[in-house]
Each structure stands twice: as structure tokens, then as C-alpha cells.
$ cat data.pdb   # PDB, C-alpha atoms
ATOM      1  CA  MET A  15      24.513  -7.101 -18.445
ATOM      2  CA  SER A  16      24.906  -3.722 -20.154
ATOM      3  CA  SER A  17      25.469  -0.549 -18.171
ATOM      4  CA  SER A  18      21.807   0.335 -18.744
ATOM      5  CA  PRO A  19      19.629  -2.641 -17.813
ATOM      6  CA  SER A  20      16.666  -3.716 -19.882
ATOM      7  CA  VAL A  21      13.471  -3.361 -17.864
ATOM      8  CA  LEU A  22      10.107  -5.048 -18.261
ATOM      9  CA  VAL A  23       7.433  -2.940 -16.558
ATOM     10  CA  LEU A  24       4.320  -4.917 -15.673
ATOM     11  CA  ALA A  25       1.119  -2.906 -15.311
ATOM     12  CA  GLY A  26      -2.596  -3.531 -15.482
ATOM     13  CA  GLY A  27      -3.601  -6.945 -14.212
ATOM     14  CA  ILE A  28      -7.116  -7.948 -13.213
ATOM     15  CA  SER A  29      -7.539  -6.264  -9.844
ATOM     16  CA  HIS A  30     -10.017  -3.509  -9.015
ATOM     17  CA  GLU A  31      -7.057  -1.098  -9.240
ATOM     18  CA  ARG A  32      -6.203  -1.926 -12.845
ATOM     19  CA  ASP A  33      -6.627   1.622 -14.162
ATOM     20  CA  ILE A  34      -4.329   3.083 -11.505
ATOM     21  CA  SER A  35      -1.735   0.414 -12.262
ATOM     22  CA  LEU A  36      -1.838   1.214 -15.978
ATOM     23  CA  LYS A  37      -1.338   4.932 -15.329
ATOM     24  CA  SER A  38       1.505   4.284 -12.875
ATOM     25  CA  GLY A  39       3.172   1.773 -15.183
ATOM     26  CA  ARG A  40       3.113   4.143 -18.134
ATOM     27  CA  LEU A  41       4.750   6.899 -16.072
ATOM     28  CA  VAL A  42       7.433   4.525 -14.771
ATOM     29  CA  ALA A  43       8.139   3.260 -18.294
ATOM     30  CA  ASP A  44       8.319   6.797 -19.672
ATOM     31  CA  GLY A  45      10.617   7.868 -16.836
ATOM     32  CA  LEU A  46      12.993   4.974 -17.380
ATOM     33  CA  THR A  47      13.013   5.556 -21.137
ATOM     34  CA  ALA A  48      13.871   9.207 -20.566
ATOM     35  CA  ARG A  49      16.913   8.006 -18.625
ATOM     36  CA  GLY A  50      18.107   5.902 -21.554
ATOM     37  CA  LEU A  51      17.036   2.467 -20.302
ATOM     38  CA  SER A  52      15.565  -0.115 -22.643
ATOM     39  CA  VAL A  53      11.969  -0.531 -21.507
ATOM     40  CA  GLU A  54       9.027  -2.719 -22.410
ATOM     41  CA  LEU A  55       5.567  -2.232 -20.910
ATOM     42  CA  ALA A  56       3.354  -5.302 -20.645
ATOM     43  CA  ASP A  57       0.019  -6.298 -19.157
ATOM     44  CA  PRO A  58       0.528  -9.639 -17.353
ATOM     45  CA  ASP A  59      -1.510 -12.525 -18.700
ATOM     46  CA  ALA A  60      -1.313 -16.282 -19.247
ATOM     47  CA  THR A  61       1.705 -15.863 -21.550
ATOM     48  CA  LEU A  62       3.871 -14.017 -19.015
ATOM     49  CA  VAL A  63       5.884 -16.924 -17.585
ATOM     50  CA  LYS A  64       6.773 -18.244 -21.044
ATOM     51  CA  ARG A  65       7.598 -14.738 -22.222
ATOM     52  CA  LEU A  66       9.980 -14.224 -19.312
ATOM     53  CA  ALA A  67      11.624 -17.596 -19.917
ATOM     54  CA  ASP A  68      12.091 -16.954 -23.634
ATOM     55  CA  ASN A  69      13.189 -13.329 -23.401
ATOM     56  CA  ARG A  70      14.695 -12.567 -20.009
ATOM     57  CA  PRO A  71      14.922  -8.866 -19.136
ATOM     58  CA  ASP A  72      17.641  -7.649 -16.801
ATOM     59  CA  VAL A  73      15.008  -6.537 -14.313
ATOM     60  CA  VAL A  74      11.232  -6.662 -13.884
ATOM     61  CA  TRP A  75       9.288  -3.811 -12.314
ATOM     62  CA  PRO A  76       5.824  -5.034 -11.235
ATOM     63  CA  VAL A  77       3.782  -1.835 -11.017
ATOM     64  CA  LEU A  78       0.737  -3.892 -10.090
ATOM     65  CA  HIS A  79      -1.845  -3.287  -7.404
ATOM     66  CA  GLY A  80      -4.213  -5.706  -5.736
ATOM     67  CA  ALA A  81      -3.682  -9.417  -5.341
ATOM     68  CA  SER A  82      -2.002  -9.918  -8.719
ATOM     69  CA  GLY A  83       0.883  -7.692  -7.751
ATOM     70  CA  GLU A  84       0.908  -7.402  -3.977
ATOM     71  CA  ASP A  85       0.081 -10.829  -2.522
ATOM     72  CA  GLY A  86       3.589 -12.179  -3.180
ATOM     73  CA  THR A  87       2.671 -14.723  -5.858
ATOM     74  CA  LEU A  88       4.211 -12.972  -8.846
ATOM     75  CA  ARG A  89       7.347 -12.160  -6.883
ATOM     76  CA  SER A  90       7.678 -15.798  -5.837
ATOM     77  CA  LEU A  91       7.587 -16.805  -9.496
ATOM     78  CA  LEU A  92      10.197 -14.208 -10.386
ATOM     79  CA  GLU A  93      12.397 -15.549  -7.591
ATOM     80  CA  MET A  94      11.983 -19.109  -8.897
ATOM     81  CA  MET A  95      13.094 -17.880 -12.315
ATOM     82  CA  GLU A  96      15.995 -15.972 -10.706
ATOM     83  CA  LEU A  97      14.824 -12.737 -12.292
ATOM     84  CA  PRO A  98      15.669  -9.548 -10.360
ATOM     85  CA  TYR A  99      12.768  -7.196  -9.725
ATOM     86  CA  VAL A 100      12.061  -3.837  -8.128
ATOM     87  CA  GLY A 101      10.319  -4.037  -4.790
ATOM     88  CA  SER A 102      10.071  -6.067  -1.634
ATOM     89  CA  SER A 103      10.642  -9.821  -1.498
ATOM     90  CA  SER A 104       7.722 -12.222  -1.833
ATOM     91  CA  HIS A 105       7.877 -13.014   1.896
ATOM     92  CA  SER A 106       7.739  -9.385   3.002
ATOM     93  CA  THR A 107       5.100  -8.589   0.411
ATOM     94  CA  ARG A 108       2.816 -11.245   1.872
ATOM     95  CA  LEU A 109       3.295  -9.825   5.353
ATOM     96  CA  ALA A 110       2.427  -6.305   4.229
ATOM     97  CA  TRP A 111      -0.496  -7.461   2.083
ATOM     98  CA  ASP A 112      -2.204  -9.057   5.074
ATOM     99  CA  LYS A 113      -3.144  -6.089   7.262
ATOM    100  CA  PRO A 114      -3.608  -8.034  10.537
ATOM    101  CA  SER A 115      -0.159  -9.629  10.101
ATOM    102  CA  ALA A 116       1.479  -6.269   9.404
ATOM    103  CA  LYS A 117      -0.251  -4.688  12.405
ATOM    104  CA  THR A 118       0.920  -7.499  14.682
ATOM    105  CA  LEU A 119       4.524  -7.194  13.515
ATOM    106  CA  VAL A 120       4.814  -3.432  13.879
ATOM    107  CA  SER A 121       3.020  -3.498  17.220
ATOM    108  CA  ARG A 122       5.609  -5.947  18.567
ATOM    109  CA  ALA A 123       8.278  -3.505  17.360
ATOM    110  CA  GLY A 124       6.766  -0.735  19.454
ATOM    111  CA  VAL A 125       4.708   1.075  16.819
ATOM    112  CA  GLN A 126       1.161   1.895  17.927
ATOM    113  CA  THR A 127      -1.701   0.572  15.817
ATOM    114  CA  PRO A 128      -5.441   0.894  16.475
ATOM    115  CA  PRO A 129      -7.131  -1.948  18.416
ATOM    116  CA  SER A 130      -8.762  -4.317  15.955
ATOM    117  CA  ILE A 131      -9.930  -7.821  15.188
ATOM    118  CA  GLY A 132      -9.628  -9.907  12.050
ATOM    119  CA  LEU A 133     -12.723 -11.901  11.069
ATOM    120  CA  SER A 134     -12.953 -14.574   8.406
ATOM    121  CA  ARG A 135     -16.194 -14.848   6.465
ATOM    122  CA  ASP A 136     -16.682 -18.488   7.477
ATOM    123  CA  ALA A 137     -16.039 -17.932  11.175
ATOM    124  CA  PHE A 138     -18.222 -14.833  11.145
ATOM    125  CA  ARG A 139     -21.151 -16.927   9.938
ATOM    126  CA  GLU A 140     -20.477 -20.091  11.908
ATOM    127  CA  LEU A 141     -20.057 -18.304  15.247
ATOM    128  CA  GLY A 142     -23.205 -16.256  14.825
ATOM    129  CA  ALA A 143     -22.890 -12.927  13.052
ATOM    130  CA  GLU A 144     -25.090 -11.013  15.479
ATOM    131  CA  SER A 145     -23.250 -12.255  18.567
ATOM    132  CA  VAL A 146     -19.890 -11.517  16.983
ATOM    133  CA  LEU A 147     -20.954  -8.009  15.978
ATOM    134  CA  GLU A 148     -22.273  -7.294  19.457
ATOM    135  CA  LEU A 149     -19.015  -8.396  21.062
ATOM    136  CA  VAL A 150     -16.903  -6.412  18.612
ATOM    137  CA  ALA A 151     -18.986  -3.268  19.062
ATOM    138  CA  ASP A 152     -18.928  -3.531  22.862
ATOM    139  CA  THR A 153     -15.176  -4.164  22.977
ATOM    140  CA  LEU A 154     -13.856  -1.755  20.357
ATOM    141  CA  GLY A 155     -16.588   0.855  20.588
ATOM    142  CA  PHE A 156     -17.666   3.285  17.884
ATOM    143  CA  PRO A 157     -16.629   4.819  15.558
ATOM    144  CA  LEU A 158     -15.073   1.908  13.687
ATOM    145  CA  ILE A 159     -13.543   1.266  10.296
ATOM    146  CA  THR A 160     -14.074  -2.013   8.453
ATOM    147  CA  LYS A 161     -11.911  -3.049   5.544
ATOM    148  CA  PRO A 162     -10.834  -6.149   3.636
ATOM    149  CA  SER A 163      -7.838  -7.736   5.368
ATOM    150  CA  ARG A 164      -6.118  -7.781   2.013
ATOM    151  CA  GLY A 165      -6.598  -5.002  -0.501
ATOM    152  CA  GLY A 166      -5.857  -1.383  -1.246
ATOM    153  CA  SER A 167      -7.081   2.004  -2.479
ATOM    154  CA  ALA A 168      -9.842   2.036   0.171
ATOM    155  CA  GLN A 169     -11.933  -0.437  -1.797
ATOM    156  CA  GLY A 170     -14.324  -2.279   0.495
ATOM    157  CA  VAL A 171     -13.680   0.202   3.322
ATOM    158  CA  SER A 172     -16.533   1.595   5.445
ATOM    159  CA  TRP A 173     -16.703   4.127   8.245
ATOM    160  CA  VAL A 174     -19.104   2.903  10.894
ATOM    161  CA  SER A 175     -20.892   4.688  13.740
ATOM    162  CA  ASN A 176     -23.503   2.130  14.860
ATOM    163  CA  THR A 177     -24.361  -1.563  14.798
ATOM    164  CA  GLU A 178     -26.641  -1.364  11.762
ATOM    165  CA  GLU A 179     -23.892   0.285   9.740
ATOM    166  CA  LEU A 180     -21.473  -2.366  10.993
ATOM    167  CA  ARG A 181     -23.705  -5.128   9.596
ATOM    168  CA  ARG A 182     -23.703  -3.546   6.149
ATOM    169  CA  ALA A 183     -19.999  -2.775   6.353
ATOM    170  CA  MET A 184     -19.107  -6.415   6.980
ATOM    171  CA  VAL A 185     -21.036  -7.493   3.887
ATOM    172  CA  HIS A 186     -19.242  -4.798   1.899
ATOM    173  CA  ALA A 187     -15.788  -5.850   3.133
ATOM    174  CA  PHE A 188     -16.469  -9.528   2.415
ATOM    175  CA  THR A 189     -17.286  -8.574  -1.175
ATOM    176  CA  TYR A 190     -13.585  -7.838  -1.665
ATOM    177  CA  SER A 191     -11.947 -10.455   0.558
ATOM    178  CA  ASP A 192     -12.732 -13.610   2.525
ATOM    179  CA  ASP A 193     -11.292 -11.901   5.586
ATOM    180  CA  ALA A 194     -12.144  -8.540   7.094
ATOM    181  CA  LEU A 195     -10.499  -6.248   9.606
ATOM    182  CA  VAL A 196     -12.575  -4.253  12.082
ATOM    183  CA  GLU A 197     -10.537  -1.454  13.594
ATOM    184  CA  ARG A 198     -11.200   1.332  16.069
ATOM    185  CA  GLN A 199     -11.256   4.616  14.201
ATOM    186  CA  ILE A 200      -8.609   7.015  15.427
ATOM    187  CA  LEU A 201      -9.649  10.605  14.845
ATOM    188  CA  GLY A 202      -6.904  12.874  13.627
ATOM    189  CA  THR A 203      -4.729  13.711  10.629
ATOM    190  CA  GLU A 204      -4.061  11.069   7.984
ATOM    191  CA  VAL A 205      -0.406  11.145   6.969
ATOM    192  CA  CYS A 206       1.556   8.862   4.696
ATOM    193  CA  VAL A 207       5.319   8.555   4.666
ATOM    194  CA  ALA A 208       7.055   7.182   1.579
ATOM    195  CA  ILE A 209      10.404   5.441   1.899
ATOM    196  CA  ILE A 210      12.943   4.911  -0.862
ATOM    197  CA  ASP A 211      16.241   3.075  -0.924
ATOM    198  CA  THR A 212      18.414   3.624  -3.980
ATOM    199  CA  GLY A 213      21.525   2.072  -2.473
ATOM    200  CA  ASP A 214      22.367   4.116   0.616
ATOM    201  CA  GLY A 215      19.799   2.570   2.914
ATOM    202  CA  PRO A 216      16.128   3.418   3.373
ATOM    203  CA  GLN A 217      15.294   7.079   3.775
ATOM    204  CA  THR A 218      11.983   8.748   4.458
ATOM    205  CA  LEU A 219      10.550  11.343   2.147
ATOM    206  CA  PRO A 220       8.581  14.308   3.484
ATOM    207  CA  GLY A 221       5.238  13.192   4.844
ATOM    208  CA  VAL A 222       2.037  14.014   2.979
ATOM    209  CA  GLU A 223      -1.121  15.031   4.819
ATOM    210  CA  ILE A 224      -4.360  13.814   3.273
ATOM    211  CA  ASP A 225      -7.446  16.011   3.698
ATOM    212  CA  PRO A 226     -10.412  14.639   1.723
ATOM    213  CA  ILE A 227     -13.208  17.116   1.053
ATOM    214  CA  SER A 228     -15.840  14.502   1.975
ATOM    215  CA  GLY A 229     -14.118  13.694   5.259
ATOM    216  CA  HIS A 230     -13.235  10.146   4.180
ATOM    217  CA  TYR A 231     -10.355   9.080   1.942
ATOM    218  CA  THR A 232     -12.417   6.831  -0.325
ATOM    219  CA  PHE A 233     -11.410   5.346  -3.677
ATOM    220  CA  GLU A 234     -13.100   8.292  -5.406
ATOM    221  CA  ALA A 235     -11.353  10.789  -3.137
ATOM    222  CA  ARG A 236      -8.008   9.222  -4.018
ATOM    223  CA  TYR A 237      -8.341   9.315  -7.763
ATOM    224  CA  THR A 238     -10.791  12.119  -8.617
ATOM    225  CA  ALA A 239      -9.180  15.500  -9.155
ATOM    226  CA  GLY A 240     -10.217  18.103  -6.610
ATOM    227  CA  GLU A 241     -11.725  15.655  -4.125
ATOM    228  CA  THR A 242      -8.745  15.693  -1.751
ATOM    229  CA  LEU A 243      -6.313  18.323  -0.547
ATOM    230  CA  PHE A 244      -2.698  17.303   0.030
ATOM    231  CA  PHE A 245      -0.142  19.100   2.172
ATOM    232  CA  SER A 246       3.553  18.359   2.232
ATOM    233  CA  PRO A 247       4.896  18.728   4.775
ATOM    234  CA  PRO A 248       1.783  17.983   6.858
ATOM    235  CA  ARG A 249       0.359  20.724   9.032
ATOM    236  CA  ARG A 250       1.644  19.308  12.311
ATOM    237  CA  ASP A 251       4.503  20.215  14.638
ATOM    238  CA  ALA A 252       7.984  19.379  13.404
ATOM    239  CA  SER A 253       8.585  17.042  16.357
ATOM    240  CA  VAL A 254       5.443  15.066  15.499
ATOM    241  CA  LEU A 255       6.498  14.753  11.872
ATOM    242  CA  GLU A 256       9.970  13.622  12.892
ATOM    243  CA  HIS A 257       8.407  10.953  15.104
ATOM    244  CA  SER A 258       6.150   9.758  12.268
ATOM    245  CA  ALA A 259       9.199   9.420   9.988
ATOM    246  CA  GLU A 260      11.003   7.390  12.643
ATOM    247  CA  GLN A 261       7.974   5.152  13.105
ATOM    248  CA  ALA A 262       7.672   4.687   9.340
ATOM    249  CA  LEU A 263      11.259   3.450   9.166
ATOM    250  CA  VAL A 264      10.601   1.033  12.026
ATOM    251  CA  ALA A 265       7.566  -0.350  10.215
ATOM    252  CA  HIS A 266       9.417  -0.568   6.883
ATOM    253  CA  ASN A 267      12.349  -2.425   8.425
ATOM    254  CA  THR A 268      10.240  -4.635  10.692
ATOM    255  CA  ILE A 269       8.153  -5.963   7.820
ATOM    256  CA  GLY A 270      11.343  -6.346   5.776
ATOM    257  CA  LEU A 271      10.433  -4.027   2.920
ATOM    258  CA  ARG A 272      12.920  -2.764   0.354
ATOM    259  CA  ASP A 273      13.348  -0.297  -2.526
ATOM    260  CA  LEU A 274      10.063   1.564  -2.182
ATOM    261  CA  SER A 275       7.197   1.591   0.281
ATOM    262  CA  ARG A 276       4.527   3.828   1.750
ATOM    263  CA  ILE A 277       3.526   3.711   5.405
ATOM    264  CA  ASP A 278       0.134   5.125   6.369
ATOM    265  CA  PHE A 279      -0.636   6.662   9.764
ATOM    266  CA  ILE A 280      -3.245   8.585  11.669
ATOM    267  CA  ILE A 281      -1.767  11.251  13.924
ATOM    268  CA  ASP A 282      -4.221  11.972  16.740
ATOM    269  CA  ASP A 283      -4.796  15.287  18.485
ATOM    270  CA  SER A 284      -2.136  14.530  21.090
ATOM    271  CA  GLY A 285       0.504  13.901  18.413
ATOM    272  CA  GLU A 286       0.557  10.100  18.729
ATOM    273  CA  CYS A 287       1.149   8.160  15.500
ATOM    274  CA  TRP A 288      -1.041   5.137  14.762
ATOM    275  CA  PHE A 289       0.070   2.704  12.050
ATOM    276  CA  LEU A 290      -2.664   1.748   9.602
ATOM    277  CA  GLU A 291      -0.969  -0.205   6.822
ATOM    278  CA  ALA A 292       2.048  -0.549   4.552
ATOM    279  CA  SER A 293       2.051  -0.550   0.765
ATOM    280  CA  VAL A 294       4.814  -2.352  -1.099
ATOM    281  CA  MET A 295       3.917  -0.815  -4.461
ATOM    282  CA  PRO A 296       2.136   2.497  -3.909
ATOM    283  CA  GLY A 297       0.520   4.320  -6.789
ATOM    284  CA  LEU A 298       2.961   6.337  -8.893
ATOM    285  CA  THR A 299       0.589   8.561 -10.838
ATOM    286  CA  GLU A 300       1.244  12.303 -11.081
ATOM    287  CA  THR A 301      -1.157  12.979  -8.198
ATOM    288  CA  SER A 302       0.006  10.137  -5.954
ATOM    289  CA  THR A 303       1.398  10.906  -2.524
ATOM    290  CA  VAL A 304       4.735   9.352  -3.520
ATOM    291  CA  ALA A 305       5.057  11.733  -6.467
ATOM    292  CA  LEU A 306       4.200  14.675  -4.196
ATOM    293  CA  ALA A 307       6.756  13.567  -1.611
ATOM    294  CA  LEU A 308       9.513  13.122  -4.207
ATOM    295  CA  ASP A 309       8.800  16.586  -5.551
ATOM    296  CA  GLN A 310       8.796  18.089  -2.056
ATOM    297  CA  ALA A 311      12.169  16.444  -1.357
ATOM    298  CA  GLY A 312      13.613  17.876  -4.568
ATOM    299  CA  PHE A 313      14.186  14.529  -6.282
ATOM    300  CA  ASP A 314      14.038  14.053 -10.005
ATOM    301  CA  VAL A 315      11.473  11.280 -10.382
ATOM    302  CA  THR A 316      13.093   9.751 -13.458
ATOM    303  CA  GLY A 317      16.433   9.577 -11.677
ATOM    304  CA  VAL A 318      14.880   7.778  -8.716
ATOM    305  CA  TYR A 319      13.150   5.281 -10.995
ATOM    306  CA  ALA A 320      16.371   4.584 -12.892
ATOM    307  CA  ALA A 321      18.325   4.133  -9.650
ATOM    308  CA  LEU A 322      15.741   1.665  -8.334
ATOM    309  CA  ALA A 323      15.839  -0.355 -11.559
ATOM    310  CA  GLU A 324      19.649  -0.401 -11.653
ATOM    311  CA  GLN A 325      19.833  -1.420  -8.007
ATOM    312  CA  ALA A 326      17.390  -4.273  -8.591
ATOM    313  CA  ALA A 327      19.337  -5.453 -11.635
ATOM    314  CA  SER A 328      22.517  -5.605  -9.549
ATOM    315  CA  ARG A 329      20.906  -8.165  -7.213
ATOM    316  CA  GLN A 330      21.138 -10.957  -9.767
TER
END
$ encode --input "data.pdb" --output "C-alpha cells"
Amino acid sequence: MSSSPSVLVLAGGISHERDISLKSGRLVADGLTARGLSVELADPDATLVKRLADNRPDVVWPVLHGASGEDGTLRSLLEMMELPYVGSSSHSTRLAWDKPSAKTLVSRAGVQTPPSIGLSRDAFRELGAESVLELVADTLGFPLITKPSRGGSAQGVSWVSNTEELRRAMVHAFTYSDDALVERQILGTEVCVAIIDTGDGPQTLPGVEIDPISGHYTFEARYTAGETLFFSPPRRDASVLEHSAEQALVAHNTIGLRDLSRIDFIIDDSGECWFLEASVMPGLTETSTVALALDQAGFDVTGVYAALAEQAASRQ
């Protein structure tokens, strides 16, 4: 392998987050090119496996969101082909992708996460939707958040304050996944903590506070300019932010993530941190929280991308 590895950046795919993936992938490819690496940018399709077999890059960077990039399947195939790639292993990716599994793991490690229940579409129907909803509402109480058990970018997510809204929210969540998560809504400050590891062990970047104008961090609020205010560092006490960084590292290590991740929390009024989810391939657009955190920490983004690619290439 040459001193500068050849990198195949995969972006696009067929998920609901295709456009975000394409934007992130282009920025990653441009950043790596600026650092002198040989880069190809490709949209994965039915020819990908043959392409990889015929023309093996030194490293693959799957900048893919949704099931095609974050359910572990693609990474399993890359592992079978013994192709190094940037990001968490297929096993850890599957754990993070399934929100109930990730919540269970981090909870056992001592990280607080909101009370919740996972419901499959089939069980929800077979056990009597109305009875299930009544039990869930009585046990968890309102307000609630419903979301697909597997998915990202707030697609399929609803904020619920009564039983009628909960009925509609379940239908909405099941549109995106066969399994849904119903979770007690913790009121407070939404903060995400990005973690990078370029060879010296995982380190947290400055947290980013998310303050959507509408009050809810929806898909539109994430990707429409002016719809959300971001603050880095977040507007909370230094001790609270230090605790959130510590908890993010626990979550990252417990799930077994590597290279790059983003851990999402709600910090309540008392300063307690509540784990929401982990992303193994967060968005890398100019307005993403990872980009904001890297800038706040004083990192050169292209240098970080090159270091991640070179580290991945060295794993072969």
C-alpha cells in the first residue's frame, strides 16, 4: 500500500436520507482529495460487490445513512472481502442501529436512558392495539416520543401528549420500520457529543446544543437553514458538560464503536444526562453537529478525515 491510501467513498443509497448522504460524501471526498489521497466517490448499487472485487481500494468509507449504511450489512460484506473501512464494526453497528438494544447496553453500563418499550408491528396488532396503548400510556405517562426502532434523522418520530396522538404516532413510526420505540419524553436541553479516534484513543469533541425554532428537532429542523439554533459549547454548567462527555465515552465504548460516532442526550433541568441514541455515521455536511464540534475544537476537518482513512487502511 502506498503512503497515501486509495479511498472509495460510498454515498447516496436508497434510504430516506439519501440527499444528506450525498452531501456528506461529497464533502468527505473533497476533503480527502485536498489532503492528496486518491479518492473515488460512488453510489452503491447492484454492481458494488463485483466492483470491489475487481478493483480493490485500500479503504472504503461508507458515508451512508439509513439501513443501507447503518444496519451492519454492508460492513459485514466488506469484512468478508477483507476490505478495511472507516467506521464501527458490523457487530457494533447493528447494536447501535437498533435503539432498544443500544439503550439496554448503555443502561447496564450505568448511563441513564428514558423509560421505554419496544413494540413490533405484529405484536402490537395481535395483542390488541388499544389495550397495548392504554397500558403504555398508563405506565410511561405523557408526554411521550415515538420513533422507529431503527432509523435516523428524526424520520418517523412523533411527539405525543395524549392517547389519540399516540395512536397516530404508532402508525407513523410503523411506516418507517416494523418495530417502534415508545419512550418517555425528558424535558430539557438536547445535546450531542461527537467522538473521534484518529489513533490515540477515542476523544470527545465539544458538545453541541440543539435549539429548534419549532420546539422539536424534526427532519426539516435538521436540514433547513435557519430552523435550528446551535450552540457549542452548550449553555449549561461546565460540570454538566463534563459529565455528558464522560457518559458519551461510556456509551461509545460500551456499544463498541470506533473511529467516529455521535451520542445524543437530553440534559434535564437538574443536570442529569439521558442517553437517547448513538449514530455510527453521523451527517458530515457543513451544518452538521459534527462539523460544528470539529470547528469548535480547532480541528482541520480535512486532516481529521485523512487521519481516519489512513487509520482504517492500516487495519488490513
$ atom_distance --input "data.pdb" --atom1 "atom CA of A:Val74" --atom2 "atom CA of A:Asp112"
23.4 Å
$ closest_residue --input "data.pdb" --among "A:Ile28, A:Val196, A:Ala235, A:Leu97" --to "A:Ser302" --atoms "only C-alpha atoms"
A:Ala235
$ resolve_selection --input "data.pdb" --expression "the PyMOL selection byres ((chain A and resi 59-70) around 8)" --output "list of chain:residue names"
A:Gly27, A:Asp57, A:Pro58, A:Pro71, A:Asp72, A:Met95, A:Leu97
$ resolve_selection --input "data.pdb" --expression "the PyMOL selection byres ((chain A and resi 156) around 9)" --output "list in words"
Ala151, Asp152, Leu154, Gly155, Pro157, Leu158, Ile159, Val174, Ser175, Asn176, Thr177, Arg198 and Gln199 of chain A
$ closest_residue --input "data.pdb" --among "A:Pro226, A:Gly213, A:Gly270, A:Gly221" --to "A:His257" --atoms "all atoms listed in the file"
A:Gly221
